[in-house]
>>> print(open('upload.pdb').read())   # PDB, C-alpha atoms, pLDDT in the B column
ATOM      1  CA  MET Q   1     106.645 102.901  85.499  1.00 71.00           C
ATOM      2  CA  LYS Q   2     109.161 101.460  87.959  1.00 81.00           C
ATOM      3  CA  ARG Q   3     108.664  98.258  89.911  1.00 90.00           C
ATOM      4  CA  PHE Q   4     109.462  98.192  93.598  1.00 92.00           C
ATOM      5  CA  HIS Q   5     109.754  95.454  96.204  1.00 93.00           C
ATOM      6  CA  VAL Q   6     106.852  96.902  98.231  1.00 94.00           C
ATOM      7  CA  LYS Q   7     103.338  97.904  97.253  1.00 94.00           C
ATOM      8  CA  ARG Q   8     100.688 100.221  98.606  1.00 95.00           C
ATOM      9  CA  ASP Q   9      98.741  98.878 101.642  1.00 94.00           C
ATOM     10  CA  GLN Q  10     101.511  96.338 102.372  1.00 96.00           C
ATOM     11  CA  GLU Q  11     102.963  96.100 105.884  1.00 96.00           C
ATOM     12  CA  VAL Q  12     106.658  96.993 106.021  1.00 96.00           C
ATOM     13  CA  VAL Q  13     109.468  97.220 108.591  1.00 96.00           C
ATOM     14  CA  VAL Q  14     112.049 100.015 108.593  1.00 96.00           C
ATOM     15  CA  ILE Q  15     115.461  98.299 108.471  1.00 95.00           C
ATOM     16  CA  SER Q  16     117.819 101.284 108.800  1.00 94.00           C
ATOM     17  CA  GLY Q  17     117.957 104.879 109.901  1.00 92.00           C
ATOM     18  CA  ALA Q  18     116.508 106.705 112.889  1.00 93.00           C
ATOM     19  CA  GLU Q  19     113.178 104.848 112.602  1.00 92.00           C
ATOM     20  CA  LYS Q  20     114.774 101.369 112.520  1.00 94.00           C
ATOM     21  CA  GLY Q  21     112.457  98.599 113.750  1.00 93.00           C
ATOM     22  CA  ASN Q  22     109.194 100.486 113.278  1.00 95.00           C
ATOM     23  CA  ARG Q  23     106.357  98.833 111.382  1.00 95.00           C
ATOM     24  CA  GLY Q  24     103.554 100.344 109.392  1.00 96.00           C
ATOM     25  CA  LYS Q  25     101.426 100.191 106.279  1.00 97.00           C
ATOM     26  CA  VAL Q  26     102.618 101.820 103.035  1.00 97.00           C
ATOM     27  CA  LEU Q  27     100.331 104.779 102.358  1.00 97.00           C
ATOM     28  CA  LYS Q  28     101.947 106.082  99.185  1.00 96.00           C
ATOM     29  CA  ILE Q  29     104.875 105.334  96.861  1.00 96.00           C
ATOM     30  CA  LEU Q  30     106.684 108.320  95.359  1.00 95.00           C
ATOM     31  CA  SER Q  31     108.267 106.562  92.379  1.00 93.00           C
ATOM     32  CA  ARG Q  32     110.032 109.613  90.964  1.00 94.00           C
ATOM     33  CA  ASP Q  33     112.001 110.080  94.200  1.00 94.00           C
ATOM     34  CA  ASN Q  34     112.293 106.355  95.125  1.00 95.00           C
ATOM     35  CA  ARG Q  35     110.551 107.057  98.436  1.00 96.00           C
ATOM     36  CA  VAL Q  36     107.625 105.674 100.391  1.00 97.00           C
ATOM     37  CA  ILE Q  37     105.325 107.126 103.021  1.00 97.00           C
ATOM     38  CA  VAL Q  38     104.667 104.665 105.855  1.00 97.00           C
ATOM     39  CA  GLU Q  39     101.818 105.051 108.342  1.00 96.00           C
ATOM     40  CA  GLY Q  40     103.030 106.294 111.738  1.00 95.00           C
ATOM     41  CA  VAL Q  41     106.726 106.441 110.770  1.00 94.00           C
ATOM     42  CA  LYS Q  42     108.942 109.559 110.515  1.00 94.00           C
ATOM     43  CA  MET Q  43     106.343 111.995 111.794  1.00 95.00           C
ATOM     44  CA  ILE Q  44     107.043 115.610 110.799  1.00 96.00           C
ATOM     45  CA  LYS Q  45     105.364 118.893 111.650  1.00 96.00           C
ATOM     46  CA  LYS Q  46     103.926 120.765 108.675  1.00 94.00           C
ATOM     47  CA  HIS Q  47     102.720 124.367 108.840  1.00 95.00           C
ATOM     48  CA  VAL Q  48      99.495 124.823 106.872  1.00 94.00           C
ATOM     49  CA  LYS Q  49      97.920 128.041 105.676  1.00 95.00           C
ATOM     50  CA  LYS Q  50      94.431 129.161 106.590  1.00 95.00           C
ATOM     51  CA  ASN Q  51      91.756 127.066 104.903  1.00 93.00           C
ATOM     52  CA  GLN Q  52      88.238 125.842 105.629  1.00 93.00           C
ATOM     53  CA  GLN Q  53      89.406 122.952 107.816  1.00 90.00           C
ATOM     54  CA  ASN Q  54      91.856 125.213 109.717  1.00 90.00           C
ATOM     55  CA  PRO Q  55      90.482 128.792 109.711  1.00 93.00           C
ATOM     56  CA  GLN Q  56      93.361 129.981 111.937  1.00 94.00           C
ATOM     57  CA  GLY Q  57      96.044 127.956 110.158  1.00 93.00           C
ATOM     58  CA  ALA Q  58      97.749 125.160 112.069  1.00 94.00           C
ATOM     59  CA  ILE Q  59     100.777 122.990 112.638  1.00 94.00           C
ATOM     60  CA  VAL Q  60      99.827 119.507 111.462  1.00 93.00           C
ATOM     61  CA  GLU Q  61     101.796 116.360 112.282  1.00 95.00           C
ATOM     62  CA  ARG Q  62     102.027 113.890 109.390  1.00 94.00           C
ATOM     63  CA  GLU Q  63     104.209 111.167 107.922  1.00 96.00           C
ATOM     64  CA  GLY Q  64     107.388 112.062 106.065  1.00 96.00           C
ATOM     65  CA  PRO Q  65     108.954 110.089 103.198  1.00 96.00           C
ATOM     66  CA  LEU Q  66     111.557 107.343 103.655  1.00 96.00           C
ATOM     67  CA  HIS Q  67     113.880 106.016 100.975  1.00 96.00           C
ATOM     68  CA  ILE Q  68     112.507 102.762  99.591  1.00 96.00           C
ATOM     69  CA  SER Q  69     115.784 100.950 100.283  1.00 95.00           C
ATOM     70  CA  ASN Q  70     115.265 101.498 104.025  1.00 96.00           C
ATOM     71  CA  VAL Q  71     112.093  99.391 104.191  1.00 96.00           C
ATOM     72  CA  MET Q  72     111.449  95.672 103.831  1.00 95.00           C
ATOM     73  CA  ALA Q  73     108.216  93.719 103.523  1.00 95.00           C
ATOM     74  CA  ALA Q  74     107.191  92.541 107.013  1.00 93.00           C
ATOM     75  CA  ASP Q  75     106.638  88.922 105.978  1.00 92.00           C
ATOM     76  CA  LYS Q  76     110.160  88.689 104.505  1.00 93.00           C
ATOM     77  CA  TYR Q  77     111.602  90.381 107.595  1.00 91.00           C
ATOM     78  CA  ASP Q  78     109.860  87.922 109.930  1.00 89.00           C
ATOM     79  CA  ALA Q  79     110.967  84.926 107.844  1.00 89.00           C
ATOM     80  CA  LYS Q  80     114.552  86.153 107.923  1.00 88.00           C
ATOM     81  CA  ALA Q  81     114.395  86.695 111.705  1.00 84.00           C
ATOM     82  CA  SER Q  82     113.099  83.168 112.300  1.00 84.00           C
ATOM     83  CA  ARG Q  83     116.038  81.692 110.345  1.00 84.00           C
ATOM     84  CA  ARG Q  84     118.578  83.367 112.620  1.00 76.00           C
ATOM     85  CA  GLU Q  85     119.632  81.046 115.405  1.00 63.00           C
ATOM     86  CA  ILE Q  86     119.600  82.280 118.970  1.00 66.00           C
ATOM     87  CA  PRO Q  87     122.897  81.331 120.640  1.00 65.00           C
ATOM     88  CA  THR Q  88     122.446  79.357 123.850  1.00 66.00           C
ATOM     89  CA  ASP Q  89     124.952  78.458 126.548  1.00 66.00           C
ATOM     90  CA  SER Q  90     125.622  74.745 126.668  1.00 63.00           C
ATOM     91  CA  ASN Q  91     127.321  74.956 130.096  1.00 60.00           C
TER      92      ASN Q  91
END
>>> encode(input="upload.pdb", output="structure tokens")
Amino acid sequence: MKRFHVKRDQEVVVISGAEKGNRGKVLKILSRDNRVIVEGVKMIKKHVKKNQQNPQGAIVEREGPLHISNVMAADKYDAKASRREIPTDSN
């Protein structure tokens, strides 16, 4: 089993890609594909067949996978942001 820098139920920040800056909780880690599913990030529309929950079938919106290298633990991200100095005008 592989070890990753994030774990399930941990809060993460997306650091690159179209969803950059979004935060969410890790719902699932797909270790075979090196991907994570983050709550509320990269929402996709999925067509589902007829079943008991959806007798007519439906288009369901759910989270899509992100590559694990595109996320960072929120506490590390915040610590890194606080170390950056904000330039101020001395004039």
>>> atom_distance(input="upload.pdb", atom1="CA of Asp78 (chain Q)", atom2="CA of Arg35 (chain Q)")
22.3 Å
>>> resolve_selection(input="upload.pdb", expression="the PyMOL selection byres ((chain Q and resi 29) around 12)", output="PyMOL selection string")
chain Q and resi 1-10+25-28+30-39+64-68+71
>>> atom_distance(input="upload.pdb", atom1="CA of Asn22 (chain Q)", atom2="CA of Lys45 (chain Q)")
18.9 Å
>>> resolve_selection(input="upload.pdb", expression="the PyMOL selection byres ((chain Q and resi 21) around 12)", output="list in words")
Val12, Val13, Val14, Ile15, Ser16, Gly17, Ala18, Glu19, Lys20, Asn22, Arg23, Gly24, Val41, Lys42, Asn70, Val71, Met72, Ala74, Tyr77 and Asp78 of chain Q
>>> atom_distance(input="upload.pdb", atom1="CA of Glu63 (chain Q)", atom2="CA of Val48 (chain Q)")
14.5 Å
>>> axis_aligned_box(input="upload.pdb", around="region 47-60 of chain Q", padding_each_side="5 Å", output="AutoDock Vina command-line options")
--center_x 95.5 --center_y 124.7 --center_z 108.8 --size_x 24.5 --size_y 20.5 --size_z 17.7
>>> closest_residue(input="upload.pdb", among="Q:Val60, Q:Arg83, Q:Ser69, Q:Glu11", to="Ile44 (chain Q)", atoms="all atoms listed in the file")
Q:Val60
>>> build_atoms(input="upload.pdb", residues="region 5-17 of chain Q", atoms="N, CA and C atoms", output="JSON list (two decimals), in the coordinates of the input")
[["chain", "number", "residue", "atom", "x", "y", "z"],
["Q", 5, "HIS", "N", 109.93, 96.67, 95.41],
["Q", 5, "HIS", "CA", 109.75, 95.45, 96.20],
["Q", 5, "HIS", "C", 108.63, 95.57, 97.23],
["Q", 6, "VAL", "N", 108.01, 96.74, 97.35],
["Q", 6, "VAL", "CA", 106.85, 96.90, 98.23],
["Q", 6, "VAL", "C", 105.73, 97.55, 97.44],
["Q", 7, "LYS", "N", 104.51, 97.35, 97.92],
["Q", 7, "LYS", "CA", 103.34, 97.90, 97.25],
["Q", 7, "LYS", "C", 102.50, 98.68, 98.25],
["Q", 8, "ARG", "N", 101.58, 99.46, 97.75],
["Q", 8, "ARG", "CA", 100.69, 100.22, 98.61],
["Q", 8, "ARG", "C", 99.84, 99.27, 99.45],
["Q", 9, "ASP", "N", 99.54, 99.66, 100.68],
["Q", 9, "ASP", "CA", 98.74, 98.88, 101.64],
["Q", 9, "ASP", "C", 99.46, 97.63, 102.16],
["Q", 10, "GLN", "N", 100.74, 97.47, 101.87],
["Q", 10, "GLN", "CA", 101.51, 96.34, 102.37],
["Q", 10, "GLN", "C", 102.19, 96.74, 103.67],
["Q", 11, "GLU", "N", 102.29, 95.80, 104.63],
["Q", 11, "GLU", "CA", 102.96, 96.10, 105.88],
["Q", 11, "GLU", "C", 104.47, 95.97, 105.69],
["Q", 12, "VAL", "N", 105.21, 96.98, 106.18],
["Q", 12, "VAL", "CA", 106.66, 96.99, 106.02],
["Q", 12, "VAL", "C", 107.33, 97.26, 107.36],
["Q", 13, "VAL", "N", 108.63, 96.95, 107.42],
["Q", 13, "VAL", "CA", 109.47, 97.22, 108.59],
["Q", 13, "VAL", "C", 110.61, 98.11, 108.12],
["Q", 14, "VAL", "N", 110.92, 99.15, 108.91],
["Q", 14, "VAL", "CA", 112.05, 100.02, 108.59],
["Q", 14, "VAL", "C", 113.31, 99.30, 109.06],
["Q", 15, "ILE", "N", 114.28, 99.11, 108.15],
["Q", 15, "ILE", "CA", 115.46, 98.30, 108.47],
["Q", 15, "ILE", "C", 116.70, 99.13, 108.73],
["Q", 16, "SER", "N", 116.66, 100.45, 108.48],
["Q", 16, "SER", "CA", 117.82, 101.28, 108.80],
["Q", 16, "SER", "C", 117.38, 102.72, 109.00],
["Q", 17, "GLY", "N", 118.24, 103.48, 109.65],
["Q", 17, "GLY", "CA", 117.96, 104.88, 109.90],
["Q", 17, "GLY", "C", 117.42, 105.10, 111.30]]
